[in-house]
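Asks: So that we are looking at the same thing, I have put the structure below in structure tokens.
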2 protein chains.
Amino acid sequence: MVTITDISKACGVSRATVSKALNGAADISQETAERVRETARRLGYLPNATARTLKMGRSYNIGVLFSDATGGGISHEYFSMILESVKAEAERLGYDITFISRDLGKRPMDYYEHAKYRSCDGVVIASADFQDPAIVRLAHSEIPTVTLDYSFDSRSSILSDNVRGMEALVRYVHSRGHRKIAFLHGEMTSVTQKRLASFKKTCAQLGLEIPPEFIRPAVYHDPRSSGLQTRALLELPERPSCIFYPDDLSFLGGMSELERHGLSIPQDMSVVGYDGIPLSQVLRPRLTTYRQGAESMGREAARLLVEQIEQPDTWLPQTITVAGELLPGDTVADLNG
Amino acid sequence: MVTITDISKACGVSRATVSKALNGAADISQETAERVRETARRLGYLPNATARTLKMGRSYNIGVLFSDATGGGISHEYFSMILESVKAEAERLGYDITFISRDLGKRPMDYYEHAKYRSCDGVVIASADFQDPAIVRLAHSEIPTVTLDYSFDSRSSILSDNVRGMEALVRYVHSRGHRKIAFLHGEMTSVTQKRLASFKKTCAQLGLEIPPEFIRPAVYHDPRSSGLQTRALLELPERPSCIFYPDDLSFLGGMSELERHGLSIPQDMSVVGYDGIPLSQVLRPRLTTYRQGAESMGREAARLLVEQIEQPDTWLPQTITVAGELLPGDTVADLNG
DNA sequence: ATAATGTACTTAATCGATTTAGTAATGTTC
DNA sequence: GAACATTACTAAATCGATTAAGTACATTAT
């Protein structure tokens, strides 16, 4: 391994001079700086992030904490899109990405300890359970954090606009003449609460009365669960004309169930998803859904975090709500006229 | 930050003793060791991976290099499943994961330099282009590597069994009476070559003559491309009875195209995918496909890499072929009888 | 001519841990 | 009781970089 010591010997200057020359310090002559840089190139010098981190107390490394209910993580498309965009933006800003997990080999650790252990400058947190004490501990620590889809007091966060997203969907469906709308919701997280509240509020504003049996609990990203709930809806004495699914993937469970009952979409039943994953627009019929701005969310999360890291004095907690976009698709029948 | 120095002061012993006590060295008395550990706990001591890395020359950090053609990366389900399993196994073995990319902020870097810069103990490489000089450089460097779906000389690798996978699909389709089989393949990587060769060989073994216009180039994970090729196939004077798609996602493009022609699956046209992503088994009809053992591949990659890192003397390059599994699905009609 | 200023370096401490070599204080053996 | 071994520690070097403080030497001001 070539170190600054090797360069200093080759150039006949001190290690301090080499370090300064490579970092463009002012008190090094043009001449010397050039000679040092040339030698570094010739010897194939590579800086050592570890040594730099130790001395400077800055790792230029961002932790990413993705935990879903099952302990799995990044395989859901929504998560991987966010991860991808966090990574891209972080790299643009000169930061690397390391995953933060519980436990590392035999060493028991919580998230905070792991982030400290790796000297992360900050952490982006996405979780299915923000009540988890380990997450709370990290989010309340001195480590800069940005949370996705949840806000802690006095901390930065990125929210997808669940309220407006759900409102847009309800208004769209209503505009196409639907009055009996069923709503399958995921586990009761804060996101779910927002969507459900927005659903009810918008329905009320539009003068729609939604019977309680039209609002049913399902599970995110679980086609089976929404298949079961779809069946339950179909067995009601009065069926809805449109079903809202917790997310695009869940809709697929509903789709098979509808098919099994000989119902076709959207002629016999209209459906709506949520998330707007690429798949939803490749399916035929194209799914009517609301695309969360996953790329923007990841990008903004990285941006906000780096801002907090690099301007600790002027920084103030900030919540950015990222707008999404209604994808009309072809799964909501037009009942007008 | 609590360091071993703080503990040594609190305990009235030297830093060396603290270090040894915490690492369970033999030449520390039970008594002292216990006192040190208790003090460490009381003060909330956390080891510093950076300092340890610098001194020991081992980071317990594994680089993951995922590059697809578009420069994007992890959003394809196959990749994210592998990433997830690499991560899980690496963590089990006591290693963290850092992404390796080209360039970091303003610093231009290639993969090898990045991995060195972060002191990665080893790198798992998945790429759409193993000809890329930057990848070749890394794979030929002194850094331990394991490649996925490609083998470099004298280096470890994990291969999904494309040969047997394709053979299984052809034989299955053949057993259901199909004789006119079309094959849409992805970009000409080594994986594609293996699948194509296996397709041709198995067809030959079964006495099937495949006209050249039945074998067409498409693009992986691109429904549009396979939609176009599907149309081209349908316009042939003699249509195939079954179409092989490059992967499950590509099939979706074919699906819409078939629908547009009023053909239903599998009555009017049989289809086969590749990958066996969860989605394929949620669709109705369930897609006939071959599931690559993505979890096993990731797990074995991490295992092999850590082996190489921890036993550099006894280690020998190794290639593990991970078997997959035919998922029969419902998209291949039975033409027999 | 002397002091003040500026330039281009070097010295040495430091970040937090690990580890080799060394040292006292015991215990053991003949 | 002298020689040797064992136990339980400590001192100091080290990993690769950054940086505050110091030092020559040349230049400018008074």
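Chains: A, B, ... in order of the structure tokens. Residues: from 1 per chain. Ligands: from 1, in order shown.
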When the cut-off is 10 Å and we count only C-alpha atoms (C1' of nucleotides), which residues of chain B are near chain D, given as a ChimeraX atom specification?
Replies: /B:13-17,26-29,32,51-57
Asks: Using only C-alpha atoms (C1' of nucleotides) and a cut-off of 9 Å, which residues of chain C sit close to chain B? Please list them as a PyMOL selection string.
Replies: chain C and resi 15-19
Asks: Compile a residue-level contact table for chain A against chain B at a cut-off of 9 Å, reporting for every qualifying residue the shortest atom pair and its distance in Å to one decimal, with only C-alpha atoms counted, rows ordered by chain and ascending number, as a Markdown table.
Replies:
| residue | atom | partner | partner_atom | distance |
| --- | --- | --- | --- | --- |
| A:Leu46 | CA | B:Tyr117 | CA | 6.5 |
| A:Pro47 | CA | B:Tyr117 | CA | 6.1 |
| A:Asn48 | CA | B:Tyr117 | CA | 5.1 |
| A:Ala49 | CA | B:Tyr117 | CA | 5.4 |
| A:Thr50 | CA | B:Thr50 | CA | 5.7 |
| A:Ala51 | CA | B:Leu54 | CA | 6.3 |
| A:Thr53 | CA | B:Thr50 | CA | 7.1 |
| A:Leu54 | CA | B:Thr50 | CA | 6.1 |
| A:Ser59 | CA | B:Thr50 | CA | 8.9 |
| A:Gly72 | CA | B:Glu84 | CA | 7.5 |
| A:Gly73 | CA | B:Glu84 | CA | 7.2 |
| A:Ile74 | CA | B:Glu84 | CA | 6.4 |
| A:Ser75 | CA | B:Ser80 | CA | 5.3 |
| A:His76 | CA | B:Glu77 | CA | 8.0 |
| A:Glu77 | CA | B:Ser75 | CA | 6.6 |
| A:Tyr78 | CA | B:Ser75 | CA | 8.9 |
| A:Phe79 | CA | B:Ser75 | CA | 8.8 |
| A:Ser80 | CA | B:Ser75 | CA | 5.3 |
| A:Met81 | CA | B:Ser75 | CA | 5.8 |
| A:Leu83 | CA | B:Ile74 | CA | 8.2 |
| A:Glu84 | CA | B:Ile74 | CA | 6.5 |
| A:Lys87 | CA | B:Phe99 | CA | 8.4 |
| A:Ala88 | CA | B:Gly72 | CA | 8.6 |
| A:Ala90 | CA | B:Gly105 | CA | 8.2 |
| A:Glu91 | CA | B:Leu104 | CA | 5.2 |
| A:Arg92 | CA | B:Gly105 | CA | 4.6 |
| A:Leu93 | CA | B:Gly105 | CA | 4.8 |
| A:Gly94 | CA | B:Gly105 | CA | 3.5 |
| A:Tyr95 | CA | B:Leu104 | CA | 6.7 |
| A:Asp96 | CA | B:Phe99 | CA | 6.9 |
| A:Ile97 | CA | B:Thr98 | CA | 5.6 |
| A:Thr98 | CA | B:Thr98 | CA | 4.5 |
| A:Phe99 | CA | B:Ile97 | CA | 6.0 |
| A:Ile100 | CA | B:Asp96 | CA | 8.0 |
| A:Ser101 | CA | B:Glu91 | CA | 8.1 |
| A:Arg102 | CA | B:Glu91 | CA | 9.0 |
| A:Asp103 | CA | B:Glu91 | CA | 7.5 |
| A:Leu104 | CA | B:Gly94 | CA | 4.7 |
| A:Gly105 | CA | B:Gly94 | CA | 3.5 |
| A:Lys106 | CA | B:Gly94 | CA | 6.8 |
| A:Arg107 | CA | B:Gly94 | CA | 7.7 |
| A:Glu113 | CA | B:Leu46 | CA | 6.9 |
| A:Lys116 | CA | B:Leu46 | CA | 7.5 |
| A:Tyr117 | CA | B:Asn48 | CA | 5.1 |
| A:Arg118 | CA | B:Ala49 | CA | 5.6 |
| A:Ser119 | CA | B:Thr50 | CA | 7.2 |
| A:Pro223 | CA | B:Val282 | CA | 7.2 |
| A:Arg224 | CA | B:Val282 | CA | 8.8 |
| A:Leu249 | CA | B:Leu279 | CA | 8.2 |
| A:Leu252 | CA | B:Val282 | CA | 6.4 |
| A:Gly253 | CA | B:Val282 | CA | 6.8 |
| A:Met255 | CA | B:Arg284 | CA | 8.0 |
| A:Ser256 | CA | B:Arg284 | CA | 5.9 |
| A:Glu259 | CA | B:Arg284 | CA | 8.3 |
| A:Leu279 | CA | B:Leu249 | CA | 8.1 |
| A:Val282 | CA | B:Leu252 | CA | 6.4 |
| A:Leu283 | CA | B:Leu252 | CA | 6.5 |
| A:Arg284 | CA | B:Ser256 | CA | 5.9 |
| A:Pro285 | CA | B:Ser256 | CA | 8.4 |
Asks: For those residues, write C-alpha atoms to a file as an mmCIF file, in the first residue's frame.
Replies:
data_model
loop_
_atom_site.group_PDB
_atom_site.id
_atom_site.type_symbol
_atom_site.label_atom_id
_atom_site.label_comp_id
_atom_site.auth_asym_id
_atom_site.auth_seq_id
_atom_site.Cartn_x
_atom_site.Cartn_y
_atom_site.Cartn_z
ATOM 1 C CA LEU A 46 -4.780 5.959 -3.017
ATOM 2 C CA PRO A 47 -5.995 7.877 0.012
ATOM 3 C CA ASN A 48 -7.123 5.788 2.951
ATOM 4 C CA ALA A 49 -10.613 6.695 4.077
ATOM 5 C CA THR A 50 -10.130 4.877 7.367
ATOM 6 C CA ALA A 51 -7.168 6.954 8.469
ATOM 7 C CA THR A 53 -12.049 9.211 9.197
ATOM 8 C CA LEU A 54 -10.134 8.512 12.381
ATOM 9 C CA SER A 59 -16.436 9.277 7.622
ATOM 10 C CA GLY A 72 -36.494 -8.612 5.535
ATOM 11 C CA GLY A 73 -36.092 -5.324 3.868
ATOM 12 C CA ILE A 74 -35.153 -4.080 0.521
ATOM 13 C CA SER A 75 -36.900 -6.501 -1.743
ATOM 14 C CA HIS A 76 -40.073 -4.475 -2.089
ATOM 15 C CA GLU A 77 -39.866 -2.365 -5.142
ATOM 16 C CA TYR A 78 -40.764 0.825 -3.314
ATOM 17 C CA PHE A 79 -37.845 0.334 -0.928
ATOM 18 C CA SER A 80 -35.399 -0.553 -3.643
ATOM 19 C CA MET A 81 -36.322 2.499 -5.648
ATOM 20 C CA LEU A 83 -32.490 2.928 -1.826
ATOM 21 C CA GLU A 84 -31.341 3.407 -5.390
ATOM 22 C CA LYS A 87 -27.449 5.929 -3.106
ATOM 23 C CA ALA A 88 -27.230 7.919 -6.316
ATOM 24 C CA ALA A 90 -25.317 10.382 -1.718
ATOM 25 C CA GLU A 91 -22.612 9.388 -4.162
ATOM 26 C CA ARG A 92 -23.056 12.592 -6.067
ATOM 27 C CA LEU A 93 -22.446 14.450 -2.824
ATOM 28 C CA GLY A 94 -19.373 12.376 -2.023
ATOM 29 C CA TYR A 95 -20.820 9.948 0.505
ATOM 30 C CA ASP A 96 -20.841 6.185 0.599
ATOM 31 C CA ILE A 97 -23.666 4.013 1.828
ATOM 32 C CA THR A 98 -23.471 1.348 4.509
ATOM 33 C CA PHE A 99 -26.380 -0.701 5.767
ATOM 34 C CA ILE A 100 -27.241 -0.401 9.410
ATOM 35 C CA SER A 101 -28.680 -3.477 11.042
ATOM 36 C CA ARG A 102 -29.217 -4.966 14.431
ATOM 37 C CA ASP A 103 -26.459 -7.286 15.496
ATOM 38 C CA LEU A 104 -23.302 -7.886 13.570
ATOM 39 C CA GLY A 105 -22.055 -11.431 13.722
ATOM 40 C CA LYS A 106 -21.776 -12.433 17.331
ATOM 41 C CA ARG A 107 -21.716 -8.833 18.542
ATOM 42 C CA GLU A 113 -24.519 1.386 18.329
ATOM 43 C CA LYS A 116 -21.559 4.726 15.929
ATOM 44 C CA TYR A 117 -19.401 1.657 15.479
ATOM 45 C CA ARG A 118 -19.107 2.465 11.772
ATOM 46 C CA SER A 119 -18.755 6.213 12.393
ATOM 47 C CA PRO A 223 -51.708 -10.477 -2.312
ATOM 48 C CA ARG A 224 -53.163 -13.288 -0.238
ATOM 49 C CA LEU A 249 -48.846 -5.550 -5.321
ATOM 50 C CA LEU A 252 -52.727 -8.683 -7.755
ATOM 51 C CA GLY A 253 -54.294 -10.809 -5.046
ATOM 52 C CA MET A 255 -57.255 -9.540 -9.331
ATOM 53 C CA SER A 256 -57.089 -13.308 -9.086
ATOM 54 C CA GLU A 259 -61.214 -13.501 -11.884
ATOM 55 C CA LEU A 279 -45.128 -3.070 -12.918
ATOM 56 C CA VAL A 282 -47.053 -2.788 -17.618
ATOM 57 C CA LEU A 283 -50.030 -4.857 -16.583
ATOM 58 C CA ARG A 284 -53.092 -4.918 -18.826
ATOM 59 C CA PRO A 285 -55.354 -3.263 -18.000
#
Asks: For A:Phe244, work out the shell of residues within 9 Å, counting only C-alpha atoms (C1' of nucleotides) and skipping chain neighbours fewer than 4 positions away, then give it as a list in words.
Replies: Leu169, Ile181, Ala182, Phe183, Leu184, His185, Phe251, Ser270, Val271, Val272, Gly273 and Tyr274 of chain A
Asks: Keeping only N, CA and C atoms, take the residues you just selected and write them out as a CSV table (one decimal), in the first residue's frame.
Replies:
chain,number,residue,atom,x,y,z
A,169,LEU,N,-57.1,10.2,-5.6
A,169,LEU,CA,-57.7,8.9,-6.0
A,169,LEU,C,-59.3,8.9,-5.8
A,181,ILE,N,-67.7,2.8,-2.6
A,181,ILE,CA,-66.2,2.6,-2.7
A,181,ILE,C,-65.7,1.8,-1.4
A,182,ALA,N,-65.0,0.7,-1.7
A,182,ALA,CA,-64.5,-0.1,-0.6
A,182,ALA,C,-63.0,0.3,-0.4
A,183,PHE,N,-62.5,0.1,0.8
A,183,PHE,CA,-61.1,0.5,1.1
A,183,PHE,C,-60.4,-0.6,1.9
A,184,LEU,N,-59.5,-1.2,1.3
A,184,LEU,CA,-58.7,-2.2,2.0
A,184,LEU,C,-57.4,-1.4,2.4
A,185,HIS,N,-57.1,-1.5,3.7
A,185,HIS,CA,-56.0,-0.7,4.2
A,185,HIS,C,-54.9,-1.7,4.8
A,251,PHE,N,-53.0,-5.5,-5.0
A,251,PHE,CA,-54.1,-5.6,-6.0
A,251,PHE,C,-54.0,-6.9,-6.8
A,270,SER,N,-64.3,-2.1,-10.5
A,270,SER,CA,-63.2,-1.1,-10.7
A,270,SER,C,-62.3,-1.3,-9.5
A,271,VAL,N,-61.0,-1.0,-9.8
A,271,VAL,CA,-60.0,-1.2,-8.7
A,271,VAL,C,-59.0,-0.1,-8.8
A,272,VAL,N,-58.4,0.2,-7.7
A,272,VAL,CA,-57.4,1.2,-7.6
A,272,VAL,C,-56.2,0.7,-6.7
A,273,GLY,N,-55.0,1.0,-7.1
A,273,GLY,CA,-53.9,0.6,-6.3
A,273,GLY,C,-53.2,1.8,-5.5
A,274,TYR,N,-52.0,1.6,-5.1
A,274,TYR,CA,-51.3,2.7,-4.6
A,274,TYR,C,-49.8,2.4,-4.7
Asks: Could you check how far atom C1' of C:DT23 sits from atom CA of B:Ser8, in Å to one decimal?
Replies: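 These atoms are spaced 19.5 Å apart.
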Asks: Name the closest residue to B:Leu208 among the candidates B:Asp129, B:Ser241, B:His174, B:Gly324; distances are taken between atoms, counting only C-alpha atoms.
Replies: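 Among the listed residues, B:His174 lies closest to B:Leu208.
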Asks: Within stretch 200-256 of chain B, find each residue whose DSSP state, derived from the backbone, is strand (DSSP E), and express the selection as a ChimeraX atom specification.
Replies: /B:215-217,242-244
Asks: For the alpha helix (DSSP H) assignment from backbone DSSP, which residues of stretch 102-295 of chain A qualify? Please present them as an MDAnalysis selection string.
Replies: chainID A and resid 111:117 133:139 162:175 190:205 223:234 248:260 294:295
Asks: Would you mind exporting the chosen residues as a tab-separated table (two decimals), in the first residue's frame, restricted to C-alpha atoms?
Replies:
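The resulting result.tsv:
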chain	number	residue	atom	x	y	z
A	111	TYR	CA	-29.04	0.49	15.39
A	112	TYR	CA	-27.50	3.41	17.25
A	113	GLU	CA	-24.52	1.39	18.33
A	114	HIS	CA	-24.02	0.05	14.85
A	115	ALA	CA	-24.10	3.54	13.35
A	116	LYS	CA	-21.56	4.73	15.93
A	117	TYR	CA	-19.40	1.66	15.48
A	133	PRO	CA	-37.26	1.46	20.75
A	134	ALA	CA	-34.06	0.84	18.80
A	135	ILE	CA	-35.27	3.18	16.07
A	136	VAL	CA	-36.45	5.75	18.57
A	137	ARG	CA	-33.06	5.67	20.27
A	138	LEU	CA	-31.25	6.34	17.01
A	139	ALA	CA	-33.65	9.08	15.97
A	162	ASN	CA	-50.50	10.37	1.47
A	163	VAL	CA	-53.22	12.85	2.21
A	164	ARG	CA	-53.29	14.43	-1.21
A	165	GLY	CA	-52.61	11.13	-2.92
A	166	MET	CA	-55.61	9.46	-1.39
A	167	GLU	CA	-57.73	12.52	-1.98
A	168	ALA	CA	-56.77	12.55	-5.65
A	169	LEU	CA	-57.74	8.92	-6.05
A	170	VAL	CA	-61.08	9.29	-4.31
A	171	ARG	CA	-61.96	12.38	-6.34
A	172	TYR	CA	-60.96	10.67	-9.55
A	173	VAL	CA	-63.06	7.61	-8.82
A	174	HIS	CA	-65.95	9.80	-7.75
A	175	SER	CA	-65.70	11.83	-10.93
A	190	SER	CA	-48.98	6.40	10.62
A	191	VAL	CA	-49.01	6.22	6.84
A	192	THR	CA	-52.08	4.05	6.91
A	193	GLN	CA	-53.76	6.39	9.34
A	194	LYS	CA	-53.15	9.33	7.06
A	195	ARG	CA	-54.48	7.52	4.03
A	196	LEU	CA	-57.53	6.25	5.85
A	197	ALA	CA	-58.29	9.64	7.34
A	198	SER	CA	-57.89	11.29	3.95
A	199	PHE	CA	-60.12	8.66	2.38
A	200	LYS	CA	-62.88	9.23	4.92
A	201	LYS	CA	-62.57	12.96	4.84
A	202	THR	CA	-62.69	13.18	1.07
A	203	CYS	CA	-65.64	10.82	0.92
A	204	ALA	CA	-67.44	12.98	3.48
A	205	GLN	CA	-66.67	16.11	1.50
A	223	PRO	CA	-51.71	-10.48	-2.31
A	224	ARG	CA	-53.16	-13.29	-0.24
A	225	SER	CA	-54.52	-11.01	2.43
A	226	SER	CA	-56.17	-8.68	-0.06
A	227	GLY	CA	-57.48	-11.69	-1.95
A	228	LEU	CA	-59.30	-12.79	1.19
A	229	GLN	CA	-60.67	-9.34	1.85
A	230	THR	CA	-61.78	-9.06	-1.76
A	231	ARG	CA	-63.75	-12.25	-1.33
A	232	ALA	CA	-65.31	-10.90	1.83
A	233	LEU	CA	-66.38	-7.80	-0.07
A	234	LEU	CA	-67.90	-9.86	-2.86
A	248	ASP	CA	-50.19	-2.16	-6.28
A	249	LEU	CA	-48.85	-5.55	-5.32
A	250	SER	CA	-51.82	-6.28	-3.10
A	251	PHE	CA	-54.07	-5.59	-6.03
A	252	LEU	CA	-52.73	-8.68	-7.76
A	253	GLY	CA	-54.29	-10.81	-5.05
A	254	GLY	CA	-57.57	-9.05	-5.60
A	255	MET	CA	-57.26	-9.54	-9.33
A	256	SER	CA	-57.09	-13.31	-9.09
A	257	GLU	CA	-59.99	-13.36	-6.68
A	258	LEU	CA	-62.14	-11.26	-9.00
A	259	GLU	CA	-61.21	-13.50	-11.88
A	260	ARG	CA	-62.22	-16.53	-9.89
A	294	ALA	CA	-39.84	7.36	-4.65
A	295	GLU	CA	-36.87	8.76	-6.57
Asks: Might you pull out every residue within 7 Å of B:Ser127, with only C-alpha atoms (C1' of nucleotides) counted and same-chain residues fewer than 4 positions away left off, and present them as a list in words?
Replies: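 Counting only C-alpha atoms (C1' of nucleotides), the residues come to Phe66, Ser67 and Asp68 of chain B.
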